[in-house]
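Working notes, structure below.
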Amino acid sequence: MSIVKINVLTVPEEQRETLEKRFAARAGSVENSDGFEWFELLRPVEGTDTYLVYTRWRDEESFQKWMSGMAQAAHGSGGEGERGERPRPAASGATLWSFEVIQQAAPKLD
């Protein structure tokens, strides 16, 4: 079965738009990775400043391979600041959660 990685990002209100624009600019950076199955960026709707970045992978090895290669490039491509420095992170904190998929369901097609 697949594995799920959820990056839990604490994002202050004034940085939400920045975070979302950075993810939009990276669209396509993970989709062609071997073992990649799904991505979602989840915006909080009430009572929290926590975004969830959900990715699903065929196995842990596929995720680790992406982390050691393509992820480094994707996370470094946020552009440069006015003086050539890397831009300040939009999130003030991050935690990575890991899960194994042990059950799943999909809508039944008629």
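Scheme for the structure tokens: letters A, B, ... for chains in order shown; per-chain residue numbers from 1; ligand numbers from 1 in order shown.
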Could you pull the residues within 12 Å of A:Thr10, counting only C-alpha atoms, minus those fewer than 3 positions along the same chain, as a PDB file with all heavy atoms, in the first residue's frame?
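The resulting file, out.pdb, is reproduced below:
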ATOM      1  N   ASN A   7       2.921  17.616   5.302  1.00  0.00           N
ATOM      2  CA  ASN A   7       3.757  18.685   5.839  1.00  0.00           C
ATOM      3  C   ASN A   7       2.814  19.698   6.480  1.00  0.00           C
ATOM      4  O   ASN A   7       1.956  20.271   5.809  1.00  0.00           O
ATOM      5  CB  ASN A   7       4.585  19.326   4.724  1.00  0.00           C
ATOM      6  CG  ASN A   7       5.751  20.107   5.258  1.00  0.00           C
ATOM      7  OD1 ASN A   7       5.944  20.237   6.459  1.00  0.00           O
ATOM      8  ND2 ASN A   7       6.537  20.657   4.356  1.00  0.00           N
ATOM      9  N   GLU A  13      -1.184  34.946   8.984  1.00  0.00           N
ATOM     10  CA  GLU A  13      -2.176  35.513   8.055  1.00  0.00           C
ATOM     11  C   GLU A  13      -1.527  36.332   6.935  1.00  0.00           C
ATOM     12  O   GLU A  13      -1.873  36.189   5.760  1.00  0.00           O
ATOM     13  CB  GLU A  13      -3.158  36.398   8.840  1.00  0.00           C
ATOM     14  CG  GLU A  13      -4.228  37.045   7.991  1.00  0.00           C
ATOM     15  CD  GLU A  13      -5.325  36.090   7.575  1.00  0.00           C
ATOM     16  OE1 GLU A  13      -5.632  35.168   8.352  1.00  0.00           O
ATOM     17  OE2 GLU A  13      -5.854  36.265   6.459  1.00  0.00           O
ATOM     18  N   GLU A  14      -0.540  37.154   7.273  1.00  0.00           N
ATOM     19  CA  GLU A  14       0.076  38.033   6.274  1.00  0.00           C
ATOM     20  C   GLU A  14       0.964  37.282   5.277  1.00  0.00           C
ATOM     21  O   GLU A  14       1.382  37.851   4.271  1.00  0.00           O
ATOM     22  CB  GLU A  14       0.884  39.153   6.950  1.00  0.00           C
ATOM     23  CG  GLU A  14       2.087  38.681   7.738  1.00  0.00           C
ATOM     24  CD  GLU A  14       1.780  38.257   9.180  1.00  0.00           C
ATOM     25  OE1 GLU A  14       0.591  38.176   9.565  1.00  0.00           O
ATOM     26  OE2 GLU A  14       2.751  38.013   9.910  1.00  0.00           O
ATOM     27  N   GLN A  15       1.231  35.995   5.512  1.00  0.00           N
ATOM     28  CA  GLN A  15       2.077  35.208   4.613  1.00  0.00           C
ATOM     29  C   GLN A  15       1.292  34.191   3.772  1.00  0.00           C
ATOM     30  O   GLN A  15       1.856  33.504   2.934  1.00  0.00           O
ATOM     31  CB  GLN A  15       3.149  34.465   5.413  1.00  0.00           C
ATOM     32  CG  GLN A  15       4.193  35.371   6.010  1.00  0.00           C
ATOM     33  CD  GLN A  15       5.015  36.055   4.921  1.00  0.00           C
ATOM     34  OE1 GLN A  15       5.359  35.467   3.904  1.00  0.00           O
ATOM     35  NE2 GLN A  15       5.330  37.316   5.134  1.00  0.00           N
ATOM     36  N   ARG A  16      -0.023  34.103   3.989  1.00  0.00           N
ATOM     37  CA  ARG A  16      -0.832  33.106   3.274  1.00  0.00           C
ATOM     38  C   ARG A  16      -0.742  33.256   1.755  1.00  0.00           C
ATOM     39  O   ARG A  16      -0.512  32.301   1.037  1.00  0.00           O
ATOM     40  CB  ARG A  16      -2.295  33.174   3.716  1.00  0.00           C
ATOM     41  CG  ARG A  16      -2.527  32.607   5.082  1.00  0.00           C
ATOM     42  CD  ARG A  16      -3.988  32.669   5.427  1.00  0.00           C
ATOM     43  NE  ARG A  16      -4.243  31.909   6.637  1.00  0.00           N
ATOM     44  CZ  ARG A  16      -5.434  31.491   6.996  1.00  0.00           C
ATOM     45  NH1 ARG A  16      -6.493  31.760   6.256  1.00  0.00           N
ATOM     46  NH2 ARG A  16      -5.585  30.796   8.108  1.00  0.00           N
ATOM     47  N   LEU A  19       2.649  32.124   0.445  1.00  0.00           N
ATOM     48  CA  LEU A  19       2.771  30.669   0.419  1.00  0.00           C
ATOM     49  C   LEU A  19       2.025  30.079  -0.779  1.00  0.00           C
ATOM     50  O   LEU A  19       2.574  29.265  -1.529  1.00  0.00           O
ATOM     51  CB  LEU A  19       2.231  30.056   1.715  1.00  0.00           C
ATOM     52  CG  LEU A  19       2.291  28.529   1.729  1.00  0.00           C
ATOM     53  CD1 LEU A  19       3.606  28.055   2.310  1.00  0.00           C
ATOM     54  CD2 LEU A  19       1.119  27.945   2.485  1.00  0.00           C
ATOM     55  N   ARG A  43      -5.849  24.699   2.531  1.00  0.00           N
ATOM     56  CA  ARG A  43      -5.891  25.994   3.204  1.00  0.00           C
ATOM     57  C   ARG A  43      -6.859  25.905   4.390  1.00  0.00           C
ATOM     58  O   ARG A  43      -7.971  25.421   4.246  1.00  0.00           O
ATOM     59  CB  ARG A  43      -6.396  27.064   2.241  1.00  0.00           C
ATOM     60  CG  ARG A  43      -6.565  28.428   2.895  1.00  0.00           C
ATOM     61  CD  ARG A  43      -7.357  29.407   2.051  1.00  0.00           C
ATOM     62  NE  ARG A  43      -6.746  29.610   0.764  1.00  0.00           N
ATOM     63  CZ  ARG A  43      -7.444  29.790  -0.362  1.00  0.00           C
ATOM     64  NH1 ARG A  43      -8.755  29.764  -0.360  1.00  0.00           N
ATOM     65  NH2 ARG A  43      -6.819  29.986  -1.500  1.00  0.00           N
ATOM     66  N   PRO A  44      -6.464  26.426   5.555  1.00  0.00           N
ATOM     67  CA  PRO A  44      -7.387  26.418   6.699  1.00  0.00           C
ATOM     68  C   PRO A  44      -8.566  27.359   6.436  1.00  0.00           C
ATOM     69  O   PRO A  44      -8.396  28.407   5.808  1.00  0.00           O
ATOM     70  CB  PRO A  44      -6.526  26.917   7.859  1.00  0.00           C
ATOM     71  CG  PRO A  44      -5.433  27.711   7.218  1.00  0.00           C
ATOM     72  CD  PRO A  44      -5.189  27.077   5.882  1.00  0.00           C
ATOM     73  N   THR A  48      -7.544  28.310  12.687  1.00  0.00           N
ATOM     74  CA  THR A  48      -6.160  27.862  12.729  1.00  0.00           C
ATOM     75  C   THR A  48      -5.339  28.585  11.669  1.00  0.00           C
ATOM     76  O   THR A  48      -5.886  29.103  10.694  1.00  0.00           O
ATOM     77  CB  THR A  48      -6.057  26.329  12.523  1.00  0.00           C
ATOM     78  OG1 THR A  48      -4.698  25.926  12.666  1.00  0.00           O
ATOM     79  CG2 THR A  48      -6.568  25.905  11.162  1.00  0.00           C
ATOM     80  N   ASP A  49      -4.040  28.604  11.854  1.00  0.00           N
ATOM     81  CA  ASP A  49      -3.131  29.172  10.858  1.00  0.00           C
ATOM     82  C   ASP A  49      -2.281  28.065  10.237  1.00  0.00           C
ATOM     83  O   ASP A  49      -1.187  28.296   9.743  1.00  0.00           O
ATOM     84  CB  ASP A  49      -2.253  30.261  11.471  1.00  0.00           C
ATOM     85  CG  ASP A  49      -1.421  29.771  12.652  1.00  0.00           C
ATOM     86  OD1 ASP A  49      -1.554  28.586  13.030  1.00  0.00           O
ATOM     87  OD2 ASP A  49      -0.647  30.564  13.201  1.00  0.00           O
ATOM     88  N   THR A  50      -2.813  26.844  10.248  1.00  0.00           N
ATOM     89  CA  THR A  50      -2.076  25.673   9.790  1.00  0.00           C
ATOM     90  C   THR A  50      -2.536  25.227   8.395  1.00  0.00           C
ATOM     91  O   THR A  50      -3.712  24.915   8.196  1.00  0.00           O
ATOM     92  CB  THR A  50      -2.259  24.501  10.775  1.00  0.00           C
ATOM     93  OG1 THR A  50      -1.824  24.930  12.066  1.00  0.00           O
ATOM     94  CG2 THR A  50      -1.462  23.292  10.355  1.00  0.00           C
ATOM     95  N   TYR A  51      -1.597  25.223   7.466  1.00  0.00           N
ATOM     96  CA  TYR A  51      -1.817  24.644   6.137  1.00  0.00           C
ATOM     97  C   TYR A  51      -1.324  23.205   6.170  1.00  0.00           C
ATOM     98  O   TYR A  51      -0.370  22.884   6.889  1.00  0.00           O
ATOM     99  CB  TYR A  51      -1.006  25.387   5.074  1.00  0.00           C
ATOM    100  CG  TYR A  51      -1.640  26.636   4.526  1.00  0.00           C
ATOM    101  CD1 TYR A  51      -1.746  27.779   5.305  1.00  0.00           C
ATOM    102  CD2 TYR A  51      -2.115  26.685   3.221  1.00  0.00           C
ATOM    103  CE1 TYR A  51      -2.308  28.940   4.796  1.00  0.00           C
ATOM    104  CE2 TYR A  51      -2.677  27.834   2.706  1.00  0.00           C
ATOM    105  CZ  TYR A  51      -2.774  28.962   3.493  1.00  0.00           C
ATOM    106  OH  TYR A  51      -3.337  30.098   2.983  1.00  0.00           O
ATOM    107  N   LEU A  52      -1.933  22.340   5.363  1.00  0.00           N
ATOM    108  CA  LEU A  52      -1.465  20.968   5.215  1.00  0.00           C
ATOM    109  C   LEU A  52      -1.075  20.740   3.768  1.00  0.00           C
ATOM    110  O   LEU A  52      -1.824  21.083   2.850  1.00  0.00           O
ATOM    111  CB  LEU A  52      -2.550  19.969   5.616  1.00  0.00           C
ATOM    112  CG  LEU A  52      -3.069  20.074   7.049  1.00  0.00           C
ATOM    113  CD1 LEU A  52      -4.177  19.044   7.291  1.00  0.00           C
ATOM    114  CD2 LEU A  52      -1.962  19.908   8.060  1.00  0.00           C
ATOM    115  N   VAL A  53       0.114  20.188   3.577  1.00  0.00           N
ATOM    116  CA  VAL A  53       0.579  19.817   2.244  1.00  0.00           C
ATOM    117  C   VAL A  53       0.562  18.292   2.209  1.00  0.00           C
ATOM    118  O   VAL A  53       1.364  17.634   2.856  1.00  0.00           O
ATOM    119  CB  VAL A  53       2.003  20.345   1.958  1.00  0.00           C
ATOM    120  CG1 VAL A  53       2.414  19.990   0.536  1.00  0.00           C
ATOM    121  CG2 VAL A  53       2.075  21.849   2.201  1.00  0.00           C
ATOM    122  N   PRO A  89      11.108  32.395   4.364  1.00  0.00           N
ATOM    123  CA  PRO A  89      10.042  31.382   4.331  1.00  0.00           C
ATOM    124  C   PRO A  89       8.697  31.999   4.704  1.00  0.00           C
ATOM    125  O   PRO A  89       8.620  32.870   5.575  1.00  0.00           O
ATOM    126  CB  PRO A  89      10.481  30.363   5.385  1.00  0.00           C
ATOM    127  CG  PRO A  89      11.945  30.564   5.552  1.00  0.00           C
ATOM    128  CD  PRO A  89      12.190  32.030   5.291  1.00  0.00           C
ATOM    129  N   ALA A  90       7.635  31.539   4.044  1.00  0.00           N
ATOM    130  CA  ALA A  90       6.291  32.021   4.353  1.00  0.00           C
ATOM    131  C   ALA A  90       5.770  31.364   5.630  1.00  0.00           C
ATOM    132  O   ALA A  90       4.969  31.945   6.343  1.00  0.00           O
ATOM    133  CB  ALA A  90       5.349  31.735   3.188  1.00  0.00           C
ATOM    134  N   ALA A  91       6.221  30.151   5.910  1.00  0.00           N
ATOM    135  CA  ALA A  91       5.779  29.434   7.107  1.00  0.00           C
ATOM    136  C   ALA A  91       6.703  29.750   8.276  1.00  0.00           C
ATOM    137  O   ALA A  91       7.911  29.859   8.112  1.00  0.00           O
ATOM    138  CB  ALA A  91       5.766  27.932   6.848  1.00  0.00           C
ATOM    139  N   SER A  92       6.115  29.872   9.453  1.00  0.00           N
ATOM    140  CA  SER A  92       6.918  30.123  10.644  1.00  0.00           C
ATOM    141  C   SER A  92       7.277  28.831  11.372  1.00  0.00           C
ATOM    142  O   SER A  92       8.042  28.842  12.325  1.00  0.00           O
ATOM    143  CB  SER A  92       6.176  31.066  11.596  1.00  0.00           C
ATOM    144  OG  SER A  92       4.960  30.478  12.031  1.00  0.00           O
ATOM    145  N   GLY A  93       6.729  27.717  10.914  1.00  0.00           N
ATOM    146  CA  GLY A  93       7.040  26.416  11.501  1.00  0.00           C
ATOM    147  C   GLY A  93       6.572  25.310  10.584  1.00  0.00           C
ATOM    148  O   GLY A  93       5.661  25.502   9.782  1.00  0.00           O
ATOM    149  N   ALA A  94       7.206  24.143  10.677  1.00  0.00           N
ATOM    150  CA  ALA A  94       6.835  23.007   9.832  1.00  0.00           C
ATOM    151  C   ALA A  94       7.106  21.698  10.561  1.00  0.00           C
ATOM    152  O   ALA A  94       8.113  21.570  11.257  1.00  0.00           O
ATOM    153  CB  ALA A  94       7.599  23.041   8.516  1.00  0.00           C
ATOM    154  N   THR A  95       6.204  20.746  10.381  1.00  0.00           N
ATOM    155  CA  THR A  95       6.337  19.400  10.926  1.00  0.00           C
ATOM    156  C   THR A  95       5.921  18.430   9.835  1.00  0.00           C
ATOM    157  O   THR A  95       4.959  18.683   9.113  1.00  0.00           O
ATOM    158  CB  THR A  95       5.410  19.211  12.149  1.00  0.00           C
ATOM    159  OG1 THR A  95       5.728  20.187  13.127  1.00  0.00           O
ATOM    160  CG2 THR A  95       5.546  17.831  12.740  1.00  0.00           C
ATOM    161  N   LEU A  96       6.633  17.322   9.705  1.00  0.00           N
ATOM    162  CA  LEU A  96       6.274  16.317   8.709  1.00  0.00           C
ATOM    163  C   LEU A  96       5.651  15.111   9.399  1.00  0.00           C
ATOM    164  O   LEU A  96       6.264  14.508  10.289  1.00  0.00           O
ATOM    165  CB  LEU A  96       7.511  15.872   7.914  1.00  0.00           C
ATOM    166  CG  LEU A  96       7.250  14.869   6.795  1.00  0.00           C
ATOM    167  CD1 LEU A  96       6.364  15.477   5.711  1.00  0.00           C
ATOM    168  CD2 LEU A  96       8.560  14.382   6.209  1.00  0.00           C
TER     169      LEU A  96
END
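Running DSSP on the backbone gives strand (DSSP E or B) for these residues within stretch 3-90 of chain A: Ile3, Val4, Lys5, Ile6, Asn7, Val8, Leu9, Thr10, Phe36, Glu37, Trp38, Phe39, Glu40, Leu41, Leu42, Thr50, Tyr51, Leu52, Val53, Tyr54, Thr55, Arg56 and Trp57 of chain A.
Counting only C-alpha atoms and comparing A:Glu46, A:Glu100, A:Asp59, A:Glu40, the residue that lies closest to A:Glu20 is A:Glu40.
Within chain A, the backbone-based DSSP assignment of helix (DSSP H, G or I) covers Glu13, Glu14, Gln15, Arg16, Glu17, Thr18, Leu19, Glu20, Lys21, Arg22, Phe23, Ala24, Ala25, Glu60, Glu61, Ser62, Phe63, Gln64, Lys65, Trp66, Met67, Ser68, Met70, Ala71, Gln72, Ala73, Ala74 and His75 of chain A.
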Give me, please, the distance in Å between atom CA of A:Ser33 and atom CA of A:Trp66, quoted to one decimal.
6.8 Å
List as a list in words the protein and nucleic acid residues near A:Ile102, meaning an atom at most 10 Å away when only C-alpha atoms are counted, but skip any in the same chain fewer than 2 places from it.
Met1, Ser2, Ile3, Phe99, Glu100 and Gln104 of chain A
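Among the candidates A:Ser68, A:Ala25, A:Thr55, A:Pro12, the one nearest to A:Trp97 when counting only C-alpha atoms is A:Thr55.
With only C-alpha atoms as the atoms that count, the minimum distance from A:Trp57 to the choices A:Ala24, A:Ala105, A:Leu9, A:Val30 is reached by A:Val30.
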